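coords.cif follows; it contains mmCIF, C-alpha atoms.
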data_work
loop_
_atom_site.label_atom_id
_atom_site.label_comp_id
_atom_site.auth_asym_id
_atom_site.auth_seq_id
_atom_site.Cartn_x
_atom_site.Cartn_y
_atom_site.Cartn_z
CA MET A 1 -33.95 22.87 -6.29
CA THR A 2 -34.54 22.44 -10.01
CA GLU A 3 -30.97 21.23 -10.53
CA ALA A 4 -31.37 18.67 -7.71
CA ARG A 5 -34.50 17.30 -9.33
CA ARG A 6 -32.67 16.90 -12.62
CA ASN A 7 -30.07 14.69 -10.92
CA ILE A 8 -32.73 12.29 -9.66
CA PRO A 9 -32.96 9.33 -12.08
CA SER A 10 -36.34 8.56 -13.54
CA PHE A 11 -38.32 5.46 -12.67
CA THR A 12 -37.66 4.04 -16.14
CA THR A 13 -33.90 4.47 -15.67
CA VAL A 14 -33.97 2.78 -12.28
CA THR A 15 -35.99 -0.20 -13.51
CA SER A 16 -33.82 -0.56 -16.61
CA THR A 17 -30.64 -0.51 -14.50
CA PHE A 18 -32.05 -3.05 -12.05
CA LYS A 19 -33.14 -5.32 -14.92
CA SER A 20 -29.68 -5.13 -16.47
CA TYR A 21 -28.10 -5.96 -13.13
CA ILE A 22 -30.31 -9.02 -12.61
CA PHE A 23 -29.62 -10.36 -16.10
CA SER A 24 -25.87 -9.84 -15.63
CA LEU A 25 -25.72 -12.22 -12.65
CA PRO A 26 -24.11 -15.61 -13.34
CA LEU A 27 -26.13 -18.81 -13.27
CA LEU A 28 -25.38 -20.22 -9.81
CA THR A 29 -25.67 -16.86 -8.05
CA THR A 30 -29.05 -16.27 -9.69
CA THR A 31 -30.29 -19.73 -8.74
CA ILE A 32 -29.28 -19.33 -5.09
CA ALA A 33 -31.00 -15.95 -4.83
CA CYS A 34 -34.20 -17.24 -6.44
CA VAL A 35 -34.39 -20.30 -4.17
CA ALA A 36 -33.88 -18.22 -1.03
CA ILE A 37 -36.51 -15.66 -2.09
CA VAL A 38 -39.09 -18.28 -3.07
CA LEU A 39 -38.68 -20.27 0.16
CA TYR A 40 -39.11 -17.19 2.34
CA THR A 41 -42.04 -15.87 0.29
CA VAL A 42 -43.91 -19.18 0.51
CA SER A 43 -43.25 -19.41 4.24
CA ALA A 44 -44.32 -15.81 4.91
CA PHE A 45 -47.55 -15.79 2.89
CA LEU A 46 -48.84 -19.33 3.34
CA PHE A 47 -47.96 -19.98 6.98
CA SER A 48 -48.27 -17.88 10.12
CA THR A 49 -45.11 -19.43 11.53
CA THR A 50 -41.81 -20.44 9.90
CA PRO A 51 -42.18 -24.17 9.12
CA ILE A 52 -39.80 -24.05 6.15
CA PHE A 53 -37.07 -22.50 8.25
CA ASP A 54 -37.69 -25.01 11.03
CA ALA A 55 -37.45 -27.90 8.56
CA LEU A 56 -34.28 -26.72 6.77
CA CYS A 57 -32.20 -24.93 9.42
CA LEU A 58 -29.15 -26.58 10.96
CA LYS A 59 -30.21 -27.46 14.49
CA PRO A 60 -27.70 -29.75 16.26
CA ASP A 61 -30.37 -31.64 18.26
CA ASP A 62 -32.34 -32.50 15.12
CA PHE A 63 -29.22 -33.31 13.11
CA PHE A 64 -27.95 -35.78 15.70
CA ASP A 65 -31.44 -37.35 15.74
CA GLY A 66 -30.97 -38.38 12.11
CA GLN A 67 -32.09 -35.33 10.09
CA VAL A 68 -28.80 -35.14 8.22
CA TRP A 69 -30.19 -33.18 5.25
CA ARG A 70 -29.99 -30.04 7.38
CA LEU A 71 -26.23 -29.93 6.80
CA LEU A 72 -26.93 -29.10 3.13
CA THR A 73 -30.17 -27.10 3.28
CA TYR A 74 -29.58 -24.56 6.05
CA PRO A 75 -28.12 -21.75 3.83
CA TYR A 76 -31.39 -21.39 1.90
CA SER A 77 -33.71 -20.79 4.86
CA HIS A 78 -34.30 -17.34 6.41
CA ASN A 79 -36.44 -16.48 9.39
CA SER A 80 -36.90 -12.75 8.74
CA LEU A 81 -37.22 -10.37 5.80
CA GLY A 82 -34.46 -8.13 7.12
CA GLN A 83 -32.01 -11.02 7.26
CA LEU A 84 -32.90 -12.09 3.73
CA LEU A 85 -32.53 -8.61 2.22
CA PHE A 86 -29.25 -7.85 3.96
CA ASN A 87 -27.74 -11.21 3.01
CA LEU A 88 -28.75 -10.76 -0.62
CA LEU A 89 -27.37 -7.22 -0.68
CA VAL A 90 -23.95 -8.47 0.42
CA PHE A 91 -23.97 -11.92 -1.18
CA LEU A 92 -24.92 -11.05 -4.77
CA PRO A 93 -21.90 -8.89 -5.72
CA LEU A 94 -19.46 -11.08 -3.79
CA SER A 95 -20.84 -14.30 -5.25
CA THR A 96 -20.77 -12.78 -8.73
CA GLY A 97 -17.09 -12.01 -8.33
CA ILE A 98 -16.01 -15.47 -7.19
CA GLU A 99 -18.17 -17.27 -9.77
CA HIS A 100 -16.69 -15.19 -12.58
CA THR A 101 -13.24 -15.96 -11.20
CA ILE A 102 -13.31 -19.75 -10.84
CA GLY A 103 -16.32 -20.80 -12.94
CA THR A 104 -19.79 -22.08 -12.12
CA VAL A 105 -18.94 -25.75 -11.56
CA GLU A 106 -15.95 -25.13 -9.32
CA TYR A 107 -17.87 -22.48 -7.39
CA SER A 108 -20.67 -25.01 -6.80
CA TYR A 109 -18.12 -27.45 -5.41
CA VAL A 110 -16.60 -24.79 -3.14
CA LEU A 111 -19.99 -23.72 -1.81
CA ILE A 112 -21.14 -27.26 -1.05
CA THR A 113 -17.99 -28.84 0.36
CA ILE A 114 -16.28 -25.88 2.05
CA PHE A 115 -18.72 -23.08 2.81
CA THR A 116 -21.65 -25.42 3.58
CA VAL A 117 -20.51 -28.85 4.82
CA LEU A 118 -17.23 -27.80 6.43
CA SER A 119 -18.70 -24.68 8.07
CA GLY A 120 -21.73 -26.62 9.26
CA SER A 121 -19.53 -29.40 10.63
CA LEU A 122 -17.56 -26.88 12.67
CA TYR A 123 -20.82 -25.51 14.03
CA LEU A 124 -21.99 -29.00 15.00
CA LEU A 125 -18.65 -29.75 16.62
CA GLY A 126 -18.85 -26.52 18.59
CA SER A 127 -22.32 -27.41 19.80
CA LEU A 128 -20.88 -30.47 21.52
CA ILE A 129 -18.35 -28.31 23.34
CA PHE A 130 -20.31 -25.14 24.15
CA GLN A 131 -23.75 -26.74 24.56
CA TYR A 132 -25.94 -24.78 22.11
CA LYS A 133 -27.61 -27.84 20.58
CA ASN A 134 -31.06 -26.23 20.55
CA VAL A 135 -30.01 -23.21 18.44
CA GLY A 136 -30.90 -23.61 14.77
CA ILE A 137 -29.04 -21.52 12.19
CA GLY A 138 -29.96 -20.68 8.62
CA GLY A 139 -29.55 -18.14 5.84
CA LEU A 140 -26.80 -17.07 3.51
CA SER A 141 -24.74 -15.59 6.36
CA THR A 142 -22.28 -18.49 6.46
CA TRP A 143 -21.66 -18.21 2.73
CA VAL A 144 -21.40 -14.43 2.99
CA PHE A 145 -18.57 -14.65 5.51
CA GLY A 146 -16.75 -17.18 3.37
CA VAL A 147 -16.85 -15.11 0.19
CA VAL A 148 -16.21 -11.77 1.91
CA VAL A 149 -12.97 -13.16 3.35
CA TRP A 150 -12.06 -14.31 -0.17
CA GLU A 151 -12.71 -10.83 -1.57
CA SER A 152 -10.79 -9.13 1.23
CA ARG A 153 -7.84 -11.36 0.37
CA GLU A 154 -8.11 -10.34 -3.29
CA LEU A 155 -8.33 -6.65 -2.36
CA ALA A 156 -5.34 -6.70 -0.01
CA GLY A 157 -3.33 -3.52 -0.46
CA SER A 158 -5.89 -1.73 -2.63
CA GLU A 159 -6.94 1.82 -1.85
CA ARG A 160 -10.46 1.86 -0.42
CA GLU A 161 -12.38 3.97 2.07
CA VAL A 162 -12.44 0.95 4.39
CA PRO A 163 -9.29 -1.24 4.47
CA SER A 164 -10.04 -4.58 2.88
CA HIS A 165 -8.93 -6.65 5.87
CA PHE A 166 -11.60 -4.91 7.97
CA TYR A 167 -14.48 -6.05 5.73
CA PRO A 168 -15.16 -9.34 7.57
CA LEU A 169 -15.04 -7.60 10.96
CA VAL A 170 -17.44 -4.85 9.90
CA LEU A 171 -19.78 -7.43 8.43
CA LEU A 172 -19.56 -9.53 11.59
CA LEU A 173 -20.70 -6.56 13.72
CA VAL A 174 -23.66 -5.88 11.42
CA GLU A 175 -24.74 -9.53 11.37
CA ILE A 176 -24.50 -9.74 15.16
CA MET A 177 -26.86 -6.77 15.44
CA LEU A 178 -29.35 -8.58 13.17
CA GLU A 179 -29.14 -12.00 14.88
CA THR A 180 -27.06 -12.22 18.07
CA LYS A 181 -27.63 -15.90 18.86
CA TRP A 182 -26.04 -17.02 15.57
CA ILE A 183 -22.57 -15.64 16.33
CA ALA A 184 -21.11 -19.17 16.44
CA SER A 185 -22.14 -19.81 12.82
CA TYR A 186 -20.64 -16.48 11.74
CA LEU A 187 -17.32 -17.38 13.31
CA CYS A 188 -17.37 -20.80 11.62
CA GLY A 189 -17.91 -19.12 8.27
CA LEU A 190 -15.01 -16.73 8.95
CA PHE A 191 -12.62 -19.54 9.92
CA VAL A 192 -13.45 -21.62 6.86
CA GLY A 193 -13.24 -18.55 4.63
CA TYR A 194 -9.74 -17.74 5.86
CA PHE A 195 -8.62 -21.35 5.38
CA TYR A 196 -9.91 -21.29 1.80
CA ALA A 197 -8.63 -17.79 0.91
CA PHE A 198 -5.09 -18.50 2.12
CA GLY A 199 -4.88 -21.88 0.36
CA TYR A 200 -4.90 -24.22 3.37
CA LEU A 201 -7.40 -26.64 1.80
CA PRO A 202 -5.55 -27.97 -1.27
CA ARG A 203 -6.32 -31.64 -0.64
CA ILE A 204 -10.07 -31.21 -1.00
CA LEU A 205 -9.86 -28.80 -3.96
CA PRO A 206 -9.34 -30.47 -7.35
CA SER A 207 -7.51 -28.61 -10.10
CA SER A 208 -9.28 -26.36 -12.61
CA SER A 209 -8.63 -28.92 -15.34
CA PHE A 210 -10.73 -31.42 -13.36
CA PHE A 211 -13.74 -29.10 -13.44
CA ALA A 212 -13.15 -28.27 -17.11
CA ASN A 213 -13.26 -32.01 -17.83
CA LEU A 214 -16.55 -32.35 -15.92
CA GLU A 215 -18.10 -29.59 -18.02
CA SER A 216 -17.46 -31.60 -21.19
CA LYS A 217 -19.43 -34.62 -19.94
CA PRO A 218 -23.19 -35.02 -19.41
CA PRO A 219 -25.19 -33.93 -17.54
CA LEU A 220 -23.05 -30.81 -16.92
CA SER A 221 -22.42 -30.42 -20.65
CA ASN A 222 -26.14 -29.64 -21.03
CA LEU A 223 -25.77 -26.61 -18.75
CA VAL A 224 -22.91 -24.97 -20.62
CA ASN A 225 -25.24 -23.16 -23.02
CA PHE A 226 -27.42 -21.75 -20.25
CA ARG A 227 -27.35 -17.98 -19.81
CA GLY A 228 -24.87 -16.97 -17.12
CA PHE A 229 -22.95 -20.24 -17.05
CA ILE A 230 -19.24 -19.52 -16.52
CA LYS A 231 -16.87 -22.14 -17.87
CA ALA A 232 -13.77 -23.04 -15.90
CA GLU A 233 -11.58 -22.06 -18.83
CA ASN A 234 -13.22 -18.62 -18.97
CA GLY A 235 -12.63 -17.85 -15.29
CA ARG A 236 -10.50 -14.79 -14.63
CA ARG A 237 -8.80 -13.22 -11.68
CA GLY A 238 -10.96 -10.42 -10.45
CA GLY A 239 -13.80 -9.46 -8.22
CA TRP A 240 -16.43 -6.82 -7.78
CA TRP A 241 -16.56 -3.97 -5.34
CA LEU A 242 -18.90 -4.45 -2.43
CA PRO A 243 -21.56 -1.77 -3.18
CA LEU A 244 -21.59 -0.58 0.45
CA TRP A 245 -18.07 0.82 -0.07
CA ASN A 246 -18.02 1.66 -3.75
CA ASP A 247 -15.11 3.56 -5.27
CA ASP A 248 -15.56 6.42 -7.72
CA SER A 249 -12.60 5.20 -9.76
CA VAL A 250 -14.56 2.08 -10.76
CA GLU A 251 -17.12 3.02 -13.40
CA ASP A 252 -19.28 -0.09 -13.19
CA PRO A 253 -18.95 -2.61 -10.33
CA LEU A 254 -20.42 -5.30 -12.59
CA GLU A 255 -18.07 -4.80 -15.52
CA SER A 256 -14.81 -3.60 -13.96
CA PRO A 257 -13.00 -6.50 -12.31
CA ILE A 258 -10.18 -5.52 -10.03
CA ASN A 259 -6.68 -6.92 -9.82
CA ASN A 260 -6.82 -7.80 -13.51
CA THR A 261 -3.50 -9.28 -14.52
CA SER A 262 -3.44 -7.65 -17.95
CA ASN A 263 -3.93 -4.21 -16.43
CA ALA A 264 -1.29 -4.96 -13.83
CA ASP A 265 1.22 -5.99 -16.50
CA GLU A 266 0.56 -2.86 -18.50
CA GLN A 267 0.98 -0.72 -15.42
CA ASN A 268 4.22 -2.46 -14.49
CA GLN A 269 5.63 -1.84 -17.95
CA ASN A 270 4.85 1.87 -17.76
CA ASP A 271 5.72 2.37 -14.10
CA THR A 272 9.54 2.42 -13.88
CA ILE A 273 12.01 3.81 -11.39
CA GLN A 274 14.91 5.77 -12.81
CA VAL A 275 18.02 5.92 -10.64
CA ALA A 276 20.84 8.21 -11.71
CA ARG A 277 24.39 7.04 -11.11
CA SER A 278 27.10 9.68 -10.88
CA SER A 279 30.08 7.53 -11.92
CA SER A 280 30.63 7.53 -15.71
CA PRO A 281 33.69 7.47 -17.96
CA ASP A 282 32.20 10.23 -20.10
CA PRO A 283 31.81 13.52 -18.24
CA HIS A 284 29.15 14.69 -20.70
CA SER A 285 26.83 11.65 -20.40
CA THR A 286 25.24 10.07 -17.37
CA PRO A 287 24.00 6.45 -17.48
CA VAL A 288 20.49 6.00 -16.17
CA PHE A 289 19.56 2.55 -14.88
CA VAL A 290 15.95 1.62 -15.58
CA VAL A 291 14.64 -0.79 -12.95
CA PRO A 292 11.31 -2.59 -13.49
CA SER A 293 8.72 -1.72 -10.89
CA SER A 294 8.20 -4.17 -8.06
CA ASN A 295 4.47 -3.42 -8.02
CA THR A 296 3.54 -6.85 -9.38
CA THR A 297 1.55 -9.73 -8.02
CA ARG A 298 2.82 -11.42 -4.89
CA SER A 299 3.85 -14.58 -6.71
CA ASN A 300 5.72 -12.78 -9.51
CA SER A 301 7.47 -10.04 -7.54
CA PRO A 302 11.20 -10.04 -8.36
CA THR A 303 13.73 -9.91 -5.57
CA PRO A 304 16.04 -6.88 -5.50
CA GLU A 305 19.13 -8.93 -6.29
CA ASN A 306 17.50 -10.46 -9.38
CA VAL A 307 16.25 -7.20 -10.91
CA PRO A 308 17.92 -6.64 -14.31
CA LEU A 309 19.65 -3.31 -14.80
CA THR A 310 19.80 -1.71 -18.23
CA ALA A 311 22.08 1.24 -18.93
CA VAL A 312 20.46 3.92 -21.05
CA PRO A 313 22.93 6.70 -21.83
CA THR A 314 21.61 10.23 -21.97
CA THR A 315 23.74 12.63 -23.89
CA GLY A 316 24.62 15.99 -22.51
CA ASP A 317 24.65 19.35 -24.25
CA PRO A 318 25.65 18.85 -27.93
CA ASN A 319 27.35 22.25 -28.01
CA SER A 320 29.71 21.20 -25.23
CA ASN A 321 30.78 18.13 -27.27
CA GLU A 322 31.64 20.28 -30.25
CA LYS A 323 33.84 22.47 -28.11
CA ASN A 324 35.74 19.45 -26.84
#
Using structure tokens, write down the structure that the file contains.
Amino acid sequence: MTEARRNIPSFTTVTSTFKSYIFSLPLLTTTIACVAIVLYTVSAFLFSTTPIFDALCLKPDDFFDGQVWRLLTYPYSHNSLGQLLFNLLVFLPLSTGIEHTIGTVEYSYVLITIFTVLSGSLYLLGSLIFQYKNVGIGGLSTWVFGVVVWESRELAGSEREVPSHFYPLVLLLVEIMLETKWIASYLCGLFVGYFYAFGYLPRILPSSSFFANLESKPPLSNLVNFRGFIKAENGRRGGWWLPLWNDDSVEDPLESPINNTSNADEQNQNDTIQVARSSSPDPHSTPVFVVPSSNTTRSNSPTPENVPLTAVPTTGDPNSNEKN
């Protein structure tokens, strides 16, 4: 019992860890979380109903009546505390990963054009077909499904307790239990997320150099020095483990990006396959062909016929050579 109590972290340790986590979040992720929390708090404590959610949610009837701002504002509105907390729990680590990967400016563009406007447009189009025009949607759920598909694509083939390609499906089941009537918006977020993750939207995605050029011009140049701002040139391939399925091999989910190319290159250099060939002109030496490992990224994986072979002779017993 005494040993179990020793393993319980103190209140000071918990608060210090939480404070460090909050200050480690990038700029856009922090801003989104703060806006969502403030809007729900104001709505919950100042009004008995949910007027903020009703004014910002994406309701097809109201949108087609001319309230077009709803196509941009619906991700920030939540109608329950449980929905807000669950969305933040999932969204924060995933959003941190993608913002650190592509930069703050490009991530803002992806969120607005793809995960917000394109997902919302699919929802509005579906309302004309399936007749759910009076159902208003809101919250970070649509963004969550977009970024979780992106992370599952990045984690493809990695060893985890839950296979990475099951993440969106597991999340879909949990979200349906929280809000059943919004299943159409969840599916729209999934579809758009898959289109983005597999590179089917190149025409609406400018190059990274375009966003780097924007960062050098006002007014975006004034934001570069803000805490948590990630420049496009500083983006790196990586991601953060979803804390619901954390892996013991990762020491810190905030500081240990996965699929890091430098680590992969180092591993590929050390991980070699040695194949012994029996045919050799010298009976006392056997050539060993060292073949580079094929465990590289998908785009750089060499084909078997192009793999270079290097002969490394290994001498036999020196005493036997003296006898001969």
In the coordinates of the file, take the point (-15.1, -18.9, -17.9) and a cut-off of 12 Å; then, counting all atoms listed in the file, name each qualifying protein, DNA or RNA residue as number ranges by chain. A: 26-27, 97-107, 208, 211-212, 215, 224, 228-237
Suppose we keep C-alpha atoms; can you now write the selection as a PDB file, keeping the file's coordinate frame?
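As written to disk, selection_5.pdb reads:
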ATOM      1  CA  PRO A  26     -24.110 -15.610 -13.340  1.00  0.00           C
ATOM      2  CA  LEU A  27     -26.130 -18.810 -13.270  1.00  0.00           C
ATOM      3  CA  GLY A  97     -17.090 -12.010  -8.330  1.00  0.00           C
ATOM      4  CA  ILE A  98     -16.010 -15.470  -7.190  1.00  0.00           C
ATOM      5  CA  GLU A  99     -18.170 -17.270  -9.770  1.00  0.00           C
ATOM      6  CA  HIS A 100     -16.690 -15.190 -12.580  1.00  0.00           C
ATOM      7  CA  THR A 101     -13.240 -15.960 -11.200  1.00  0.00           C
ATOM      8  CA  ILE A 102     -13.310 -19.750 -10.840  1.00  0.00           C
ATOM      9  CA  GLY A 103     -16.320 -20.800 -12.940  1.00  0.00           C
ATOM     10  CA  THR A 104     -19.790 -22.080 -12.120  1.00  0.00           C
ATOM     11  CA  VAL A 105     -18.940 -25.750 -11.560  1.00  0.00           C
ATOM     12  CA  GLU A 106     -15.950 -25.130  -9.320  1.00  0.00           C
ATOM     13  CA  TYR A 107     -17.870 -22.480  -7.390  1.00  0.00           C
ATOM     14  CA  SER A 208      -9.280 -26.360 -12.610  1.00  0.00           C
ATOM     15  CA  PHE A 211     -13.740 -29.100 -13.440  1.00  0.00           C
ATOM     16  CA  ALA A 212     -13.150 -28.270 -17.110  1.00  0.00           C
ATOM     17  CA  GLU A 215     -18.100 -29.590 -18.020  1.00  0.00           C
ATOM     18  CA  VAL A 224     -22.910 -24.970 -20.620  1.00  0.00           C
ATOM     19  CA  GLY A 228     -24.870 -16.970 -17.120  1.00  0.00           C
ATOM     20  CA  PHE A 229     -22.950 -20.240 -17.050  1.00  0.00           C
ATOM     21  CA  ILE A 230     -19.240 -19.520 -16.520  1.00  0.00           C
ATOM     22  CA  LYS A 231     -16.870 -22.140 -17.870  1.00  0.00           C
ATOM     23  CA  ALA A 232     -13.770 -23.040 -15.900  1.00  0.00           C
ATOM     24  CA  GLU A 233     -11.580 -22.060 -18.830  1.00  0.00           C
ATOM     25  CA  ASN A 234     -13.220 -18.620 -18.970  1.00  0.00           C
ATOM     26  CA  GLY A 235     -12.630 -17.850 -15.290  1.00  0.00           C
ATOM     27  CA  ARG A 236     -10.500 -14.790 -14.630  1.00  0.00           C
ATOM     28  CA  ARG A 237      -8.800 -13.220 -11.680  1.00  0.00           C
TER      29      ARG A 237
END
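If you measure from each of A:Phe226, A:Phe47, A:Phe11, A:Phe195 to Ile114 (chain A) using all atoms listed in the file, the closest one turns out to be A:Phe195.
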Can you tell me how far CA of Val148 (chain A) sits from CA of Ile183 (chain A), in Å to one decimal?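 CA of Val148 (chain A) sits 16.2 Å away from CA of Ile183 (chain A).
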Carefully work through the PyMOL selection byres ((chain A and resi 139-142) around 8) for this structure and note down the residues it includes, as a list in words. Tyr74, Pro75, Tyr76, Ser77, His78, Asn79, Gln83, Leu84, Asn87, Leu88, Phe91, Phe115, Thr116, Ser119, Ile137, Gly138, Trp143, Val144, Phe145, Gly146, Glu175, Ser185, Tyr186, Cys188, Gly189 and Leu190 of chain A
Selection to disk with C-alpha atoms, as a short mmCIF file (atom, residue, chain, number, x, y, z; two decimals), in the coordinates of the input:
data_model
loop_
_atom_site.label_atom_id
_atom_site.label_comp_id
_atom_site.auth_asym_id
_atom_site.auth_seq_id
_atom_site.Cartn_x
_atom_site.Cartn_y
_atom_site.Cartn_z
CA TYR A 74 -29.58 -24.56 6.05
CA PRO A 75 -28.12 -21.75 3.83
CA TYR A 76 -31.39 -21.39 1.90
CA SER A 77 -33.71 -20.79 4.86
CA HIS A 78 -34.30 -17.34 6.41
CA ASN A 79 -36.44 -16.48 9.39
CA GLN A 83 -32.01 -11.02 7.26
CA LEU A 84 -32.90 -12.09 3.73
CA ASN A 87 -27.74 -11.21 3.01
CA LEU A 88 -28.75 -10.76 -0.62
CA PHE A 91 -23.97 -11.92 -1.18
CA PHE A 115 -18.72 -23.08 2.81
CA THR A 116 -21.65 -25.42 3.58
CA SER A 119 -18.70 -24.68 8.07
CA ILE A 137 -29.04 -21.52 12.19
CA GLY A 138 -29.96 -20.68 8.62
CA TRP A 143 -21.66 -18.21 2.73
CA VAL A 144 -21.40 -14.43 2.99
CA PHE A 145 -18.57 -14.65 5.51
CA GLY A 146 -16.75 -17.18 3.37
CA GLU A 175 -24.74 -9.53 11.37
CA SER A 185 -22.14 -19.81 12.82
CA TYR A 186 -20.64 -16.48 11.74
CA CYS A 188 -17.37 -20.80 11.62
CA GLY A 189 -17.91 -19.12 8.27
CA LEU A 190 -15.01 -16.73 8.95
#
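The environment of Thr50 (chain A) within 12 Å, counting all atoms listed in the file and disregarding residues fewer than 5 places along the same chain, consists of Leu39, Tyr40, Thr41, Val42, Ser43, Ala44, Phe45, Ala55, Leu56, Cys57, Ser77, His78, Asn79, Ser80, Leu81 and Gly138 of chain A.
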Got a sec to resolve the PyMOL selection byres ((chain A and resi 123) around 10) on this structure and send the residues as an NGL selection string? :A and (58-60 or 117-122 or 124-128 or 132-133 or 137 or 184-189)
Just so the selection is clear, what residues does the PyMOL selection byres ((chain A and resi 21) around 12) cover here, as a VMD selection string? chain A and resid 14 to 20 22 to 26 30 92 to 93 96 252 to 255
From CA of Phe63 (chain A) to CA of Phe130 (chain A) the spacing works out at 16.4 Å
